[in-house]
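File shown here: input.pdb, holding PDB, C-alpha atoms.
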ATOM      1  CA  MET A   1      30.737  -7.069   4.268
ATOM      2  CA  LEU A   2      31.174  -3.429   5.149
ATOM      3  CA  LYS A   3      30.903  -2.457   8.790
ATOM      4  CA  ASN A   4      29.906   0.952  10.019
ATOM      5  CA  GLN A   5      31.404   1.958  13.336
ATOM      6  CA  LYS A   6      29.214   4.991  14.050
ATOM      7  CA  PHE A   7      26.871   3.037  16.314
ATOM      8  CA  HIS A   8      29.372   0.597  17.774
ATOM      9  CA  ASP A   9      28.991   1.935  21.310
ATOM     10  CA  PHE A  10      25.201   1.842  21.164
ATOM     11  CA  LYS A  11      24.531  -1.401  19.315
ATOM     12  CA  LEU A  12      22.986  -4.184  21.390
ATOM     13  CA  PRO A  13      23.201  -7.918  20.588
ATOM     14  CA  ASP A  14      20.533 -10.186  19.108
ATOM     15  CA  MET A  15      18.849  -7.855  16.624
ATOM     16  CA  GLN A  16      18.238  -5.025  19.075
ATOM     17  CA  THR A  17      19.013  -2.437  16.401
ATOM     18  CA  PHE A  18      18.520  -2.354  12.645
ATOM     19  CA  LEU A  19      20.472   0.153  10.592
ATOM     20  CA  TYR A  20      22.966  -1.793   8.476
ATOM     21  CA  PRO A  21      23.139  -5.051   6.493
ATOM     22  CA  ALA A  22      25.408  -6.520   9.191
ATOM     23  CA  ASP A  23      22.457  -6.304  11.603
ATOM     24  CA  LEU A  24      20.708  -9.042   9.594
ATOM     25  CA  GLY A  25      23.760 -11.285   9.511
ATOM     26  CA  ASP A  26      23.817 -13.698   6.560
ATOM     27  CA  LEU A  27      22.000 -11.878   3.732
ATOM     28  CA  ARG A  28      21.348 -15.143   1.897
ATOM     29  CA  LYS A  29      19.398 -16.421   4.891
ATOM     30  CA  ALA A  30      17.573 -13.089   5.182
ATOM     31  CA  LEU A  31      16.546 -13.273   1.512
ATOM     32  CA  ASP A  32      15.319 -16.839   1.943
ATOM     33  CA  GLU A  33      13.317 -15.701   4.967
ATOM     34  CA  ALA A  34      11.827 -12.857   2.915
ATOM     35  CA  ALA A  35      10.745 -15.331   0.213
ATOM     36  CA  GLU A  36       9.142 -17.544   2.853
ATOM     37  CA  ILE A  37       7.279 -14.627   4.406
ATOM     38  CA  LYS A  38       6.054 -13.507   0.990
ATOM     39  CA  GLN A  39       4.400 -16.904   0.585
ATOM     40  CA  ASP A  40       2.582 -16.501   3.927
ATOM     41  CA  ARG A  41       2.678 -13.038   5.484
ATOM     42  CA  TYR A  42       0.700 -14.179   8.545
ATOM     43  CA  LYS A  43       2.625 -17.331   9.422
ATOM     44  CA  HIS A  44       4.266 -15.757  12.472
ATOM     45  CA  GLN A  45       1.297 -13.874  13.944
ATOM     46  CA  GLN A  46       1.809 -15.472  17.341
ATOM     47  CA  LEU A  47       5.154 -13.666  17.731
ATOM     48  CA  GLY A  48       3.490 -10.264  18.057
ATOM     49  CA  HIS A  49       0.606 -11.253  20.314
ATOM     50  CA  ASN A  50       0.255  -8.586  23.029
ATOM     51  CA  LYS A  51       3.330  -6.791  21.719
ATOM     52  CA  THR A  52       3.262  -3.150  20.582
ATOM     53  CA  ALA A  53       5.266  -1.357  17.895
ATOM     54  CA  LEU A  54       5.659   2.405  18.307
ATOM     55  CA  LEU A  55       6.399   4.128  14.992
ATOM     56  CA  ILE A  56       7.718   7.666  15.496
ATOM     57  CA  PHE A  57       7.764  10.075  12.561
ATOM     58  CA  PHE A  58       9.717  13.302  12.717
ATOM     59  CA  ASN A  59       9.202  13.588   8.931
ATOM     60  CA  ASN A  60       6.597  12.802   6.287
ATOM     61  CA  SER A  61       6.105   9.304   4.970
ATOM     62  CA  LEU A  62       3.870   7.233   2.723
ATOM     63  CA  ARG A  63       5.477   3.851   1.863
ATOM     64  CA  THR A  64       7.410   3.584   5.123
ATOM     65  CA  ARG A  65       4.383   4.376   7.271
ATOM     66  CA  LEU A  66       1.993   2.041   5.479
ATOM     67  CA  SER A  67       4.384  -0.837   4.889
ATOM     68  CA  THR A  68       5.734  -0.867   8.448
ATOM     69  CA  GLN A  69       2.257  -0.711   9.966
ATOM     70  CA  LYS A  70       1.180  -3.555   7.672
ATOM     71  CA  ALA A  71       4.251  -5.591   8.626
ATOM     72  CA  ALA A  72       3.525  -5.161  12.344
ATOM     73  CA  LEU A  73      -0.091  -6.220  11.795
ATOM     74  CA  ASN A  74       1.089  -9.245   9.791
ATOM     75  CA  LEU A  75       2.953 -10.328  12.929
ATOM     76  CA  GLY A  76      -0.045  -9.808  15.215
ATOM     77  CA  MET A  77       1.304  -6.649  16.855
ATOM     78  CA  ASN A  78      -0.531  -3.615  18.138
ATOM     79  CA  VAL A  79       0.659  -0.421  16.435
ATOM     80  CA  ILE A  80       0.943   3.141  17.745
ATOM     81  CA  VAL A  81       1.906   5.851  15.254
ATOM     82  CA  LEU A  82       3.186   9.183  16.550
ATOM     83  CA  ASP A  83       3.698  12.218  14.312
ATOM     84  CA  ILE A  84       6.076  14.428  16.267
ATOM     85  CA  ASN A  85       5.206  17.548  14.273
ATOM     86  CA  GLN A  86       1.437  16.972  14.250
ATOM     87  CA  GLY A  87      -0.203  16.393  17.603
ATOM     88  CA  ALA A  88       2.813  16.088  19.904
ATOM     89  CA  TRP A  89       4.756  18.648  21.903
ATOM     90  CA  LYS A  90       7.626  20.214  20.007
ATOM     91  CA  LEU A  91      10.774  18.431  21.121
ATOM     92  CA  GLU A  92      14.160  19.836  22.012
ATOM     93  CA  THR A  93      16.874  17.384  20.956
ATOM     94  CA  GLU A  94      20.069  19.023  22.243
ATOM     95  CA  ARG A  95      21.411  19.075  25.790
ATOM     96  CA  GLY A  96      22.435  22.339  27.413
ATOM     97  CA  VAL A  97      19.785  24.398  25.628
ATOM     98  CA  ILE A  98      17.778  26.934  27.638
ATOM     99  CA  MET A  99      14.244  25.889  26.743
ATOM    100  CA  ASP A 100      12.625  29.317  26.623
ATOM    101  CA  GLY A 101      11.342  28.998  23.058
ATOM    102  CA  ASP A 102       8.541  27.019  21.402
ATOM    103  CA  LYS A 103       9.845  23.564  22.366
ATOM    104  CA  SER A 104       8.005  22.333  25.449
ATOM    105  CA  GLU A 105       9.541  18.904  26.023
ATOM    106  CA  HIS A 106      13.018  17.432  25.829
ATOM    107  CA  LEU A 107      13.762  14.237  23.952
ATOM    108  CA  LEU A 108      15.529  12.852  27.032
ATOM    109  CA  GLU A 109      12.241  12.824  28.958
ATOM    110  CA  ALA A 110      10.099  11.911  25.957
ATOM    111  CA  ILE A 111      12.085   8.781  25.018
ATOM    112  CA  PRO A 112      11.642   6.843  28.292
ATOM    113  CA  VAL A 113       7.970   7.834  28.366
ATOM    114  CA  MET A 114       7.459   6.579  24.812
ATOM    115  CA  SER A 115       9.344   3.363  25.489
ATOM    116  CA  SER A 116       7.131   2.578  28.493
ATOM    117  CA  TYR A 117       4.194   2.105  26.123
ATOM    118  CA  CYS A 118       5.767  -0.294  23.618
ATOM    119  CA  ASP A 119       8.058  -3.242  22.927
ATOM    120  CA  ILE A 120       9.792  -2.112  19.700
ATOM    121  CA  ILE A 121      10.465   1.414  18.408
ATOM    122  CA  GLY A 122      10.813   2.584  14.818
ATOM    123  CA  VAL A 123      12.176   6.088  14.201
ATOM    124  CA  ARG A 124      12.100   8.238  11.072
ATOM    125  CA  THR A 125      14.179  11.421  11.164
ATOM    126  CA  PHE A 126      15.904  13.156   8.262
ATOM    127  CA  ALA A 127      19.148  15.043   7.893
ATOM    128  CA  ARG A 128      18.797  18.721   8.723
ATOM    129  CA  PHE A 129      21.697  19.939   6.533
ATOM    130  CA  GLU A 130      22.673  22.426   9.229
ATOM    131  CA  ASN A 131      25.857  20.637  10.240
ATOM    132  CA  ARG A 132      27.396  17.573   8.612
ATOM    133  CA  GLU A 133      28.919  16.279  11.828
ATOM    134  CA  ASP A 134      25.561  16.443  13.603
ATOM    135  CA  ASP A 135      23.766  14.642  10.787
ATOM    136  CA  TYR A 136      26.393  11.925  10.378
ATOM    137  CA  SER A 137      26.536  11.303  14.139
ATOM    138  CA  GLU A 138      22.813  10.366  13.979
ATOM    139  CA  SER A 139      22.228  12.139  17.282
ATOM    140  CA  ILE A 140      18.433  11.676  17.418
ATOM    141  CA  LEU A 141      18.410   7.991  16.497
ATOM    142  CA  ARG A 142      21.379   7.370  18.784
ATOM    143  CA  GLN A 143      19.469   8.842  21.737
ATOM    144  CA  PHE A 144      16.607   6.397  21.163
ATOM    145  CA  ILE A 145      19.064   3.506  21.051
ATOM    146  CA  ARG A 146      20.820   4.681  24.191
ATOM    147  CA  HIS A 147      17.872   5.746  26.376
ATOM    148  CA  SER A 148      14.811   3.705  25.355
ATOM    149  CA  GLY A 149      15.888   0.272  26.570
ATOM    150  CA  LYS A 150      13.909  -1.218  23.672
ATOM    151  CA  PRO A 151      14.858  -2.587  20.251
ATOM    152  CA  VAL A 152      15.125   0.314  17.784
ATOM    153  CA  PHE A 153      15.041   0.237  13.993
ATOM    154  CA  SER A 154      15.523   3.001  11.470
ATOM    155  CA  MET A 155      12.605   3.942   9.231
ATOM    156  CA  GLU A 156      15.098   6.313   7.544
ATOM    157  CA  SER A 157      17.514   8.475   9.429
ATOM    158  CA  ALA A 158      19.981  11.212   8.567
ATOM    159  CA  THR A 159      22.352   8.806   6.831
ATOM    160  CA  VAL A 160      20.610   5.460   6.191
ATOM    161  CA  HIS A 161      17.354   3.889   5.009
ATOM    162  CA  PRO A 162      17.868   0.155   5.583
ATOM    163  CA  LEU A 163      14.246  -0.976   5.148
ATOM    164  CA  GLN A 164      14.305   0.516   1.652
ATOM    165  CA  ALA A 165      17.680  -1.008   0.767
ATOM    166  CA  PHE A 166      16.618  -4.439   2.019
ATOM    167  CA  ALA A 167      13.439  -4.215  -0.093
ATOM    168  CA  ASP A 168      15.588  -3.199  -3.069
ATOM    169  CA  LEU A 169      17.786  -6.257  -2.572
ATOM    170  CA  ILE A 170      14.724  -8.519  -2.317
ATOM    171  CA  THR A 171      13.460  -7.047  -5.607
ATOM    172  CA  ILE A 172      16.787  -7.583  -7.370
ATOM    173  CA  GLU A 173      16.865 -11.161  -6.108
ATOM    174  CA  GLU A 174      13.388 -11.767  -7.538
ATOM    175  CA  TYR A 175      14.047 -10.258 -10.969
ATOM    176  CA  LYS A 176      17.714 -10.982 -11.685
ATOM    177  CA  LYS A 177      18.451 -13.010 -14.817
ATOM    178  CA  THR A 178      22.079 -13.794 -14.016
ATOM    179  CA  ALA A 179      23.659 -15.096 -10.832
ATOM    180  CA  ARG A 180      25.675 -11.920 -10.284
ATOM    181  CA  PRO A 181      23.926  -9.009 -12.018
ATOM    182  CA  LYS A 182      25.473  -5.620 -12.690
ATOM    183  CA  VAL A 183      23.656  -3.032 -10.570
ATOM    184  CA  VAL A 184      24.190   0.655 -11.305
ATOM    185  CA  MET A 185      23.092   3.492  -9.038
ATOM    186  CA  THR A 186      22.992   6.813 -10.822
ATOM    187  CA  TRP A 187      22.637  10.327  -9.491
ATOM    188  CA  ALA A 188      19.883  12.307 -11.233
ATOM    189  CA  PRO A 189      18.794  15.966 -11.006
ATOM    190  CA  HIS A 190      16.206  17.250  -8.545
ATOM    191  CA  PRO A 191      14.891  20.736  -7.652
ATOM    192  CA  LYS A 192      15.415  20.276  -3.888
ATOM    193  CA  ALA A 193      18.352  19.291  -1.721
ATOM    194  CA  LEU A 194      17.796  15.669  -0.687
ATOM    195  CA  PRO A 195      19.559  13.543   1.962
ATOM    196  CA  GLN A 196      22.088  10.830   1.195
ATOM    197  CA  ALA A 197      20.270   8.180   3.265
ATOM    198  CA  VAL A 198      18.862   6.142   0.362
ATOM    199  CA  PRO A 199      22.022   6.140  -1.776
ATOM    200  CA  ASN A 200      24.182   5.452   1.293
ATOM    201  CA  SER A 201      22.142   2.401   2.257
ATOM    202  CA  PHE A 202      21.688   1.161  -1.301
ATOM    203  CA  ALA A 203      25.442   1.270  -1.858
ATOM    204  CA  GLN A 204      26.160  -0.398   1.472
ATOM    205  CA  TRP A 205      23.670  -3.224   0.879
ATOM    206  CA  MET A 206      24.781  -3.825  -2.716
ATOM    207  CA  LEU A 207      28.399  -4.060  -1.600
ATOM    208  CA  ALA A 208      27.374  -6.574   1.042
ATOM    209  CA  ALA A 209      25.414  -8.626  -1.515
ATOM    210  CA  ASP A 210      26.556 -10.796  -4.412
ATOM    211  CA  VAL A 211      26.228  -8.222  -7.205
ATOM    212  CA  ASP A 212      28.562  -6.204  -9.404
ATOM    213  CA  PHE A 213      27.909  -2.708  -8.077
ATOM    214  CA  VAL A 214      28.793   0.600  -9.718
ATOM    215  CA  TYR A 215      27.664   4.084  -8.819
ATOM    216  CA  THR A 216      27.871   7.131 -11.026
ATOM    217  CA  CYS A 217      27.546  10.823 -10.200
ATOM    218  CA  PRO A 218      28.977  14.237 -11.073
ATOM    219  CA  GLU A 219      32.084  15.385  -9.264
ATOM    220  CA  GLY A 220      31.340  16.645  -5.757
ATOM    221  CA  TYR A 221      28.670  13.998  -5.101
ATOM    222  CA  GLU A 222      31.034  11.274  -3.888
ATOM    223  CA  LEU A 223      29.514   9.185  -1.063
ATOM    224  CA  ASP A 224      31.164   8.756   2.324
ATOM    225  CA  ALA A 225      33.662   5.896   2.624
ATOM    226  CA  GLN A 226      31.800   4.473   5.620
ATOM    227  CA  PHE A 227      29.105   3.399   3.119
ATOM    228  CA  VAL A 228      31.112   2.694  -0.046
ATOM    229  CA  GLY A 229      34.481   1.633   1.349
ATOM    230  CA  ASP A 230      37.202   2.071  -1.248
ATOM    231  CA  LEU A 231      34.758   2.132  -4.163
ATOM    232  CA  LYS A 232      35.137   5.239  -6.316
ATOM    233  CA  PRO A 233      32.332   6.650  -8.470
ATOM    234  CA  GLU A 234      32.320   6.394 -12.224
ATOM    235  CA  TYR A 235      31.941   9.984 -13.396
ATOM    236  CA  ASP A 236      31.057   8.914 -16.955
ATOM    237  CA  GLN A 237      27.377   7.973 -16.719
ATOM    238  CA  ALA A 238      27.292   6.315 -20.145
ATOM    239  CA  LYS A 239      30.261   4.121 -19.250
ATOM    240  CA  ALA A 240      28.596   3.116 -15.981
ATOM    241  CA  PHE A 241      25.365   2.141 -17.759
ATOM    242  CA  ALA A 242      27.087  -0.200 -20.219
ATOM    243  CA  ASN A 243      25.720  -3.746 -19.833
ATOM    244  CA  ALA A 244      23.828  -2.891 -16.622
ATOM    245  CA  ASP A 245      21.131  -5.344 -15.512
ATOM    246  CA  PHE A 246      19.531  -2.956 -13.014
ATOM    247  CA  VAL A 247      19.559   0.852 -12.975
ATOM    248  CA  TYR A 248      18.707   2.538  -9.687
ATOM    249  CA  ALA A 249      18.136   6.291 -10.060
ATOM    250  CA  LYS A 250      18.320   8.610  -7.076
ATOM    251  CA  ASN A 251      19.146  12.219  -6.381
ATOM    252  CA  TRP A 252      21.232  13.258  -3.411
ATOM    253  CA  SER A 253      22.718  16.552  -2.308
ATOM    254  CA  CYS A 254      26.426  17.117  -1.799
ATOM    255  CA  PRO A 255      27.664  14.688   0.901
ATOM    256  CA  GLY A 256      30.528  17.023   1.756
ATOM    257  CA  VAL A 257      33.226  14.386   1.274
ATOM    258  CA  THR A 258      35.359  16.267  -1.236
ATOM    259  CA  LEU A 259      33.638  19.629  -0.715
ATOM    260  CA  PRO A 260      32.999  19.987   3.052
ATOM    261  CA  ASP A 261      31.763  23.570   2.751
ATOM    262  CA  LYS A 262      29.099  22.484   0.237
ATOM    263  CA  TYR A 263      27.458  19.805   2.412
ATOM    264  CA  GLY A 264      23.723  19.491   1.766
ATOM    265  CA  GLN A 265      23.792  21.816  -1.222
ATOM    266  CA  ILE A 266      22.719  21.341  -4.826
ATOM    267  CA  LEU A 267      25.814  21.437  -7.022
ATOM    268  CA  SER A 268      24.127  20.591 -10.297
ATOM    269  CA  LYS A 269      20.763  20.303 -12.015
ATOM    270  CA  ASP A 270      22.260  18.914 -15.218
ATOM    271  CA  MET A 271      19.280  17.389 -17.032
ATOM    272  CA  SER A 272      21.551  15.207 -19.150
ATOM    273  CA  TRP A 273      21.765  12.921 -16.104
ATOM    274  CA  MET A 274      18.028  12.157 -16.207
ATOM    275  CA  VAL A 275      17.394   8.482 -16.976
ATOM    276  CA  ASP A 276      15.639   8.274 -20.333
ATOM    277  CA  SER A 277      15.310   5.718 -23.121
ATOM    278  CA  ASP A 278      18.673   6.708 -24.614
ATOM    279  CA  HIS A 279      20.368   5.944 -21.316
ATOM    280  CA  MET A 280      18.541   2.636 -20.926
ATOM    281  CA  ALA A 281      19.551   1.649 -24.481
ATOM    282  CA  LEU A 282      23.129   1.436 -23.210
ATOM    283  CA  THR A 283      22.184  -1.298 -20.742
ATOM    284  CA  ASN A 284      21.537  -5.008 -20.966
ATOM    285  CA  ASN A 285      17.783  -4.334 -21.214
ATOM    286  CA  ALA A 286      18.033  -3.286 -17.585
ATOM    287  CA  PHE A 287      15.264  -3.055 -15.053
ATOM    288  CA  PHE A 288      14.632   0.452 -13.736
ATOM    289  CA  MET A 289      14.376   1.077  -9.996
ATOM    290  CA  HIS A 290      13.607   4.047  -7.754
ATOM    291  CA  CYS A 291      12.511   4.261  -4.112
ATOM    292  CA  LEU A 292       9.622   6.710  -4.788
ATOM    293  CA  PRO A 293       8.321   9.374  -4.697
ATOM    294  CA  VAL A 294       9.936  10.300  -7.987
ATOM    295  CA  ARG A 295      10.002  13.523  -9.983
ATOM    296  CA  ARG A 296       8.994  12.469 -13.487
ATOM    297  CA  ASN A 297      10.969  13.988 -16.334
ATOM    298  CA  MET A 298      13.672  15.126 -13.930
ATOM    299  CA  ILE A 299      14.834  11.858 -12.364
ATOM    300  CA  VAL A 300      13.326   9.605 -15.030
ATOM    301  CA  SER A 301      11.352  10.059 -18.228
ATOM    302  CA  ASP A 302       7.742   8.925 -18.530
ATOM    303  CA  ASP A 303       8.573   6.189 -21.025
ATOM    304  CA  VAL A 304      11.182   4.571 -18.777
ATOM    305  CA  ILE A 305       9.136   4.553 -15.568
ATOM    306  CA  GLU A 306       6.081   3.269 -17.463
ATOM    307  CA  ALA A 307       7.999   0.561 -19.335
ATOM    308  CA  PRO A 308       7.499  -3.154 -18.559
ATOM    309  CA  THR A 309      11.029  -3.131 -17.153
ATOM    310  CA  SER A 310      10.129  -0.589 -14.462
ATOM    311  CA  LEU A 311      10.144  -2.184 -11.002
ATOM    312  CA  VAL A 312       9.104   0.808  -8.908
ATOM    313  CA  ILE A 313       5.777  -0.748  -7.842
ATOM    314  CA  PRO A 314       7.049  -4.269  -7.000
ATOM    315  CA  GLU A 315       9.957  -2.568  -5.217
ATOM    316  CA  ALA A 316       7.557  -0.495  -3.109
ATOM    317  CA  ALA A 317       5.418  -3.562  -2.373
ATOM    318  CA  ASN A 318       8.493  -5.349  -1.043
ATOM    319  CA  ARG A 319       8.780  -2.715   1.669
ATOM    320  CA  GLU A 320       6.129  -4.725   3.536
ATOM    321  CA  ILE A 321       8.295  -7.832   3.235
ATOM    322  CA  SER A 322      11.532  -6.216   4.375
ATOM    323  CA  ALA A 323       9.789  -4.684   7.393
ATOM    324  CA  THR A 324       8.133  -7.991   8.275
ATOM    325  CA  VAL A 325      11.492  -9.792   8.302
ATOM    326  CA  VAL A 326      13.059  -7.118  10.496
ATOM    327  CA  LEU A 327      10.187  -6.978  12.999
ATOM    328  CA  LYS A 328      10.033 -10.770  13.109
ATOM    329  CA  ARG A 329      13.741 -10.932  13.954
ATOM    330  CA  MET A 330      13.309  -8.307  16.669
ATOM    331  CA  LEU A 331      10.308 -10.058  18.190
ATOM    332  CA  GLN A 332      12.266 -13.311  18.293
ATOM    333  CA  ALA A 333      15.035 -11.510  20.197
ATOM    334  CA  ILE A 334      12.756 -10.032  22.890
TER     335      ILE A 334
END
Is it possible to give me this structure as structure tokens?
Amino acid sequence: MLKNQKFHDFKLPDMQTFLYPADLGDLRKALDEAAEIKQDRYKHQQLGHNKTALLIFFNNSLRTRLSTQKAALNLGMNVIVLDINQGAWKLETERGVIMDGDKSEHLLEAIPVMSSYCDIIGVRTFARFENREDDYSESILRQFIRHSGKPVFSMESATVHPLQAFADLITIEEYKKTARPKVVMTWAPHPKALPQAVPNSFAQWMLAADVDFVYTCPEGYELDAQFVGDLKPEYDQAKAFANADFVYAKNWSCPGVTLPDKYGQILSKDMSWMVDSDHMALTNNAFFMHCLPVRRNMIVSDDVIEAPTSLVIPEAANREISATVVLKRMLQAI
């Protein structure tokens, strides 16, 4: 299992943080727990009685917001949702800044105030693409872990999206036809520069699971070794797709691994990388996956996403299950 050292100094024992597959421990046991919860989502309601989850959004959300709220309610929790950019003071996140601009409150005061109103904190904050080192240090999420004194889980951060990756793994477990399926993650074109959080986590979780994992992308889009280890990308998309059982399509901007000066930029919009029926014909009648929202006829063609083999809706529904498992584990550790 891969281990990421970025948060080593800030990680607390007993499921006090959730960012990586290692935080769940034995993935087989976690998958069994997910299957049990799916049979009865409300079985553990007593765990959350008189407990409050604070869900903090620095960025927009649909599936993450709804699924995590639903998961907390499944467990009997109260839920507070805070949109930082809509209805809260603008927050300064860096130390040493003279606060004479439009930011009225510092994160270092806001965090302990927020934590005084809750028992568990979820944080969603995206990469800014201003500085790779800042993004990959996860400075905002790290401050919540360090200063809140409460269990903290990522609802997507600058570099990871573990709730999504766990839901993806649950979905693969439910639909796989062989004991060790071939899972292919492919880069696909997109009009905007997107973070690497989803592909980073998907790669990390697949490498920690019992699957044959391959990822394919154009040159310059190589993922950071802290998420893929020694695994190298297959630059030939057709070769990667051969005999695949699952195809996971996702765009990401340049991670800056081989091209540091291009971090966060779009290097290509090559439409030949879009997943269409010709691509899927190379596979072993593979299931198609995507985290949503998806740009139709850029990431994937209409016929592929609408095919019976498309799992985008069951995959999204499993976000409730992955979040329920994580919150349950955190409640048990309080």
Residues picked by the PyMOL selection byres ((chain A and resi 73-83) around 9) here, as a ChimeraX atom specification?
-> /A:41-60,65,68-72,84-88,118,324,327-328
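Selection by the PyMOL selection byres ((chain A and resi 91) around 8) on the present file picks out Ile84, Trp89, Lys90, Glu92, Thr93, Lys103, Ser104, Glu105, His106 and Leu107 of chain A.
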Residue selection dump (C-alpha atoms) as a PDB file, keeping the file's coordinate frame:
ATOM      1  CA  ILE A  84       6.076  14.428  16.267  1.00  0.00           C
ATOM      2  CA  TRP A  89       4.756  18.648  21.903  1.00  0.00           C
ATOM      3  CA  LYS A  90       7.626  20.214  20.007  1.00  0.00           C
ATOM      4  CA  GLU A  92      14.160  19.836  22.012  1.00  0.00           C
ATOM      5  CA  THR A  93      16.874  17.384  20.956  1.00  0.00           C
ATOM      6  CA  LYS A 103       9.845  23.564  22.366  1.00  0.00           C
ATOM      7  CA  SER A 104       8.005  22.333  25.449  1.00  0.00           C
ATOM      8  CA  GLU A 105       9.541  18.904  26.023  1.00  0.00           C
ATOM      9  CA  HIS A 106      13.018  17.432  25.829  1.00  0.00           C
ATOM     10  CA  LEU A 107      13.762  14.237  23.952  1.00  0.00           C
TER      11      LEU A 107
END
Result set, the PyMOL selection byres ((chain A and resi 257) around 10) on current file, as an NGL selection string = :A and (132 or 220-225 or 254-256 or 258-263)
Neighbour list for Ser157 (chain A) as a list in words, cut-off 7 Å, all atoms listed in the file, skip fewer than 4 positions in-chain =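 Listed by chain and then number, they are Arg124, Thr125, Phe126, Ala127, His161 and Ala197 of chain A.
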Of the residues A:Glu36, A:Glu156, A:Asp270, A:Asp23, which is the one nearest to Glu138 (chain A), using all atoms listed in the file?
->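 Smallest distance to Glu138 (chain A) is found for A:Glu156.
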Separation of CA of Ile266 (chain A) from CA of Ala193 (chain A) in Å =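 These two atoms are separated by 5.7 Å.
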Please, which residues are within 10 Å of (14.3, -4.3, 16.7) by the file's coordinates, counting all atoms listed in the file, and could they come as a PyMOL selection string?
-> chain A and resi 12+14-19+23+53+119-122+150-154+326-334
If you keep C-alpha atoms, can you produce a file of those selected residues as a PDB file, keeping the file's coordinate frame?
ATOM      1  CA  LEU A  12      22.986  -4.184  21.390  1.00  0.00           C
ATOM      2  CA  ASP A  14      20.533 -10.186  19.108  1.00  0.00           C
ATOM      3  CA  MET A  15      18.849  -7.855  16.624  1.00  0.00           C
ATOM      4  CA  GLN A  16      18.238  -5.025  19.075  1.00  0.00           C
ATOM      5  CA  THR A  17      19.013  -2.437  16.401  1.00  0.00           C
ATOM      6  CA  PHE A  18      18.520  -2.354  12.645  1.00  0.00           C
ATOM      7  CA  LEU A  19      20.472   0.153  10.592  1.00  0.00           C
ATOM      8  CA  ASP A  23      22.457  -6.304  11.603  1.00  0.00           C
ATOM      9  CA  ALA A  53       5.266  -1.357  17.895  1.00  0.00           C
ATOM     10  CA  ASP A 119       8.058  -3.242  22.927  1.00  0.00           C
ATOM     11  CA  ILE A 120       9.792  -2.112  19.700  1.00  0.00           C
ATOM     12  CA  ILE A 121      10.465   1.414  18.408  1.00  0.00           C
ATOM     13  CA  GLY A 122      10.813   2.584  14.818  1.00  0.00           C
ATOM     14  CA  LYS A 150      13.909  -1.218  23.672  1.00  0.00           C
ATOM     15  CA  PRO A 151      14.858  -2.587  20.251  1.00  0.00           C
ATOM     16  CA  VAL A 152      15.125   0.314  17.784  1.00  0.00           C
ATOM     17  CA  PHE A 153      15.041   0.237  13.993  1.00  0.00           C
ATOM     18  CA  SER A 154      15.523   3.001  11.470  1.00  0.00           C
ATOM     19  CA  VAL A 326      13.059  -7.118  10.496  1.00  0.00           C
ATOM     20  CA  LEU A 327      10.187  -6.978  12.999  1.00  0.00           C
ATOM     21  CA  LYS A 328      10.033 -10.770  13.109  1.00  0.00           C
ATOM     22  CA  ARG A 329      13.741 -10.932  13.954  1.00  0.00           C
ATOM     23  CA  MET A 330      13.309  -8.307  16.669  1.00  0.00           C
ATOM     24  CA  LEU A 331      10.308 -10.058  18.190  1.00  0.00           C
ATOM     25  CA  GLN A 332      12.266 -13.311  18.293  1.00  0.00           C
ATOM     26  CA  ALA A 333      15.035 -11.510  20.197  1.00  0.00           C
ATOM     27  CA  ILE A 334      12.756 -10.032  22.890  1.00  0.00           C
TER      28      ILE A 334
END
I'd like the contact shell of region 179-192 of chain A - 7 Å cut-off, all atoms listed in the file, skipping same-chain residues fewer than 2 positions apart - returned as a compact mmCIF listing (two decimals) with C-alpha atoms, in the frame of the given file.
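Dumped to out-v1.txt:
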# COMPACT_ATOMS: atom_id res chain seq x y z
CA LYS A 176 17.71 -10.98 -11.68
CA LYS A 177 18.45 -13.01 -14.82
CA LEU A 194 17.80 15.67 -0.69
CA ASP A 210 26.56 -10.80 -4.41
CA VAL A 211 26.23 -8.22 -7.20
CA ASP A 212 28.56 -6.20 -9.40
CA PHE A 213 27.91 -2.71 -8.08
CA VAL A 214 28.79 0.60 -9.72
CA TYR A 215 27.66 4.08 -8.82
CA THR A 216 27.87 7.13 -11.03
CA CYS A 217 27.55 10.82 -10.20
CA ALA A 240 28.60 3.12 -15.98
CA PHE A 241 25.36 2.14 -17.76
CA ALA A 244 23.83 -2.89 -16.62
CA ASP A 245 21.13 -5.34 -15.51
CA PHE A 246 19.53 -2.96 -13.01
CA VAL A 247 19.56 0.85 -12.98
CA TYR A 248 18.71 2.54 -9.69
CA ALA A 249 18.14 6.29 -10.06
CA LYS A 250 18.32 8.61 -7.08
CA ASN A 251 19.15 12.22 -6.38
CA TRP A 252 21.23 13.26 -3.41
CA LYS A 269 20.76 20.30 -12.02
CA ASP A 270 22.26 18.91 -15.22
CA MET A 271 19.28 17.39 -17.03
CA TRP A 273 21.76 12.92 -16.10
CA MET A 274 18.03 12.16 -16.21
CA MET A 298 13.67 15.13 -13.93
CA ILE A 299 14.83 11.86 -12.36
How many Å lie between CA of Glu173 (chain A) and CA of Arg296 (chain A), rounded to one decimal?
->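 That distance, rounded to one decimal, is 26.0 Å.
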With only C-alpha atoms as the atoms that count, which of A:His279, A:Ala167, A:Ala203, A:Ala286 lies nearest to Asp236 (chain A)?
->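 Closest residue, counting only C-alpha atoms: A:His279.
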Do you have the CA of Ala242 (chain A)-CA of Leu282 (chain A) distance handy?
->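 Calculated distance between CA of Ala242 (chain A) and CA of Leu282 (chain A) is 5.2 Å.
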Do you know which residues are at most 10 Å from Ile111 (chain A) counting all atoms listed in the file, after dropping those on the same chain fewer than 6 positions away, and could you put them as a list of chain:residue names?
->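 With the cut-off at 10 Å, the set is A:Gln143, A:Phe144, A:Ile145, A:Arg146, A:His147, A:Ser148, A:Gly149.
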Among A:Ile305, A:Leu27, A:Val160, A:Ala209, Leu292 (chain A) is approached most closely, using only C-alpha atoms, by A:Ile305
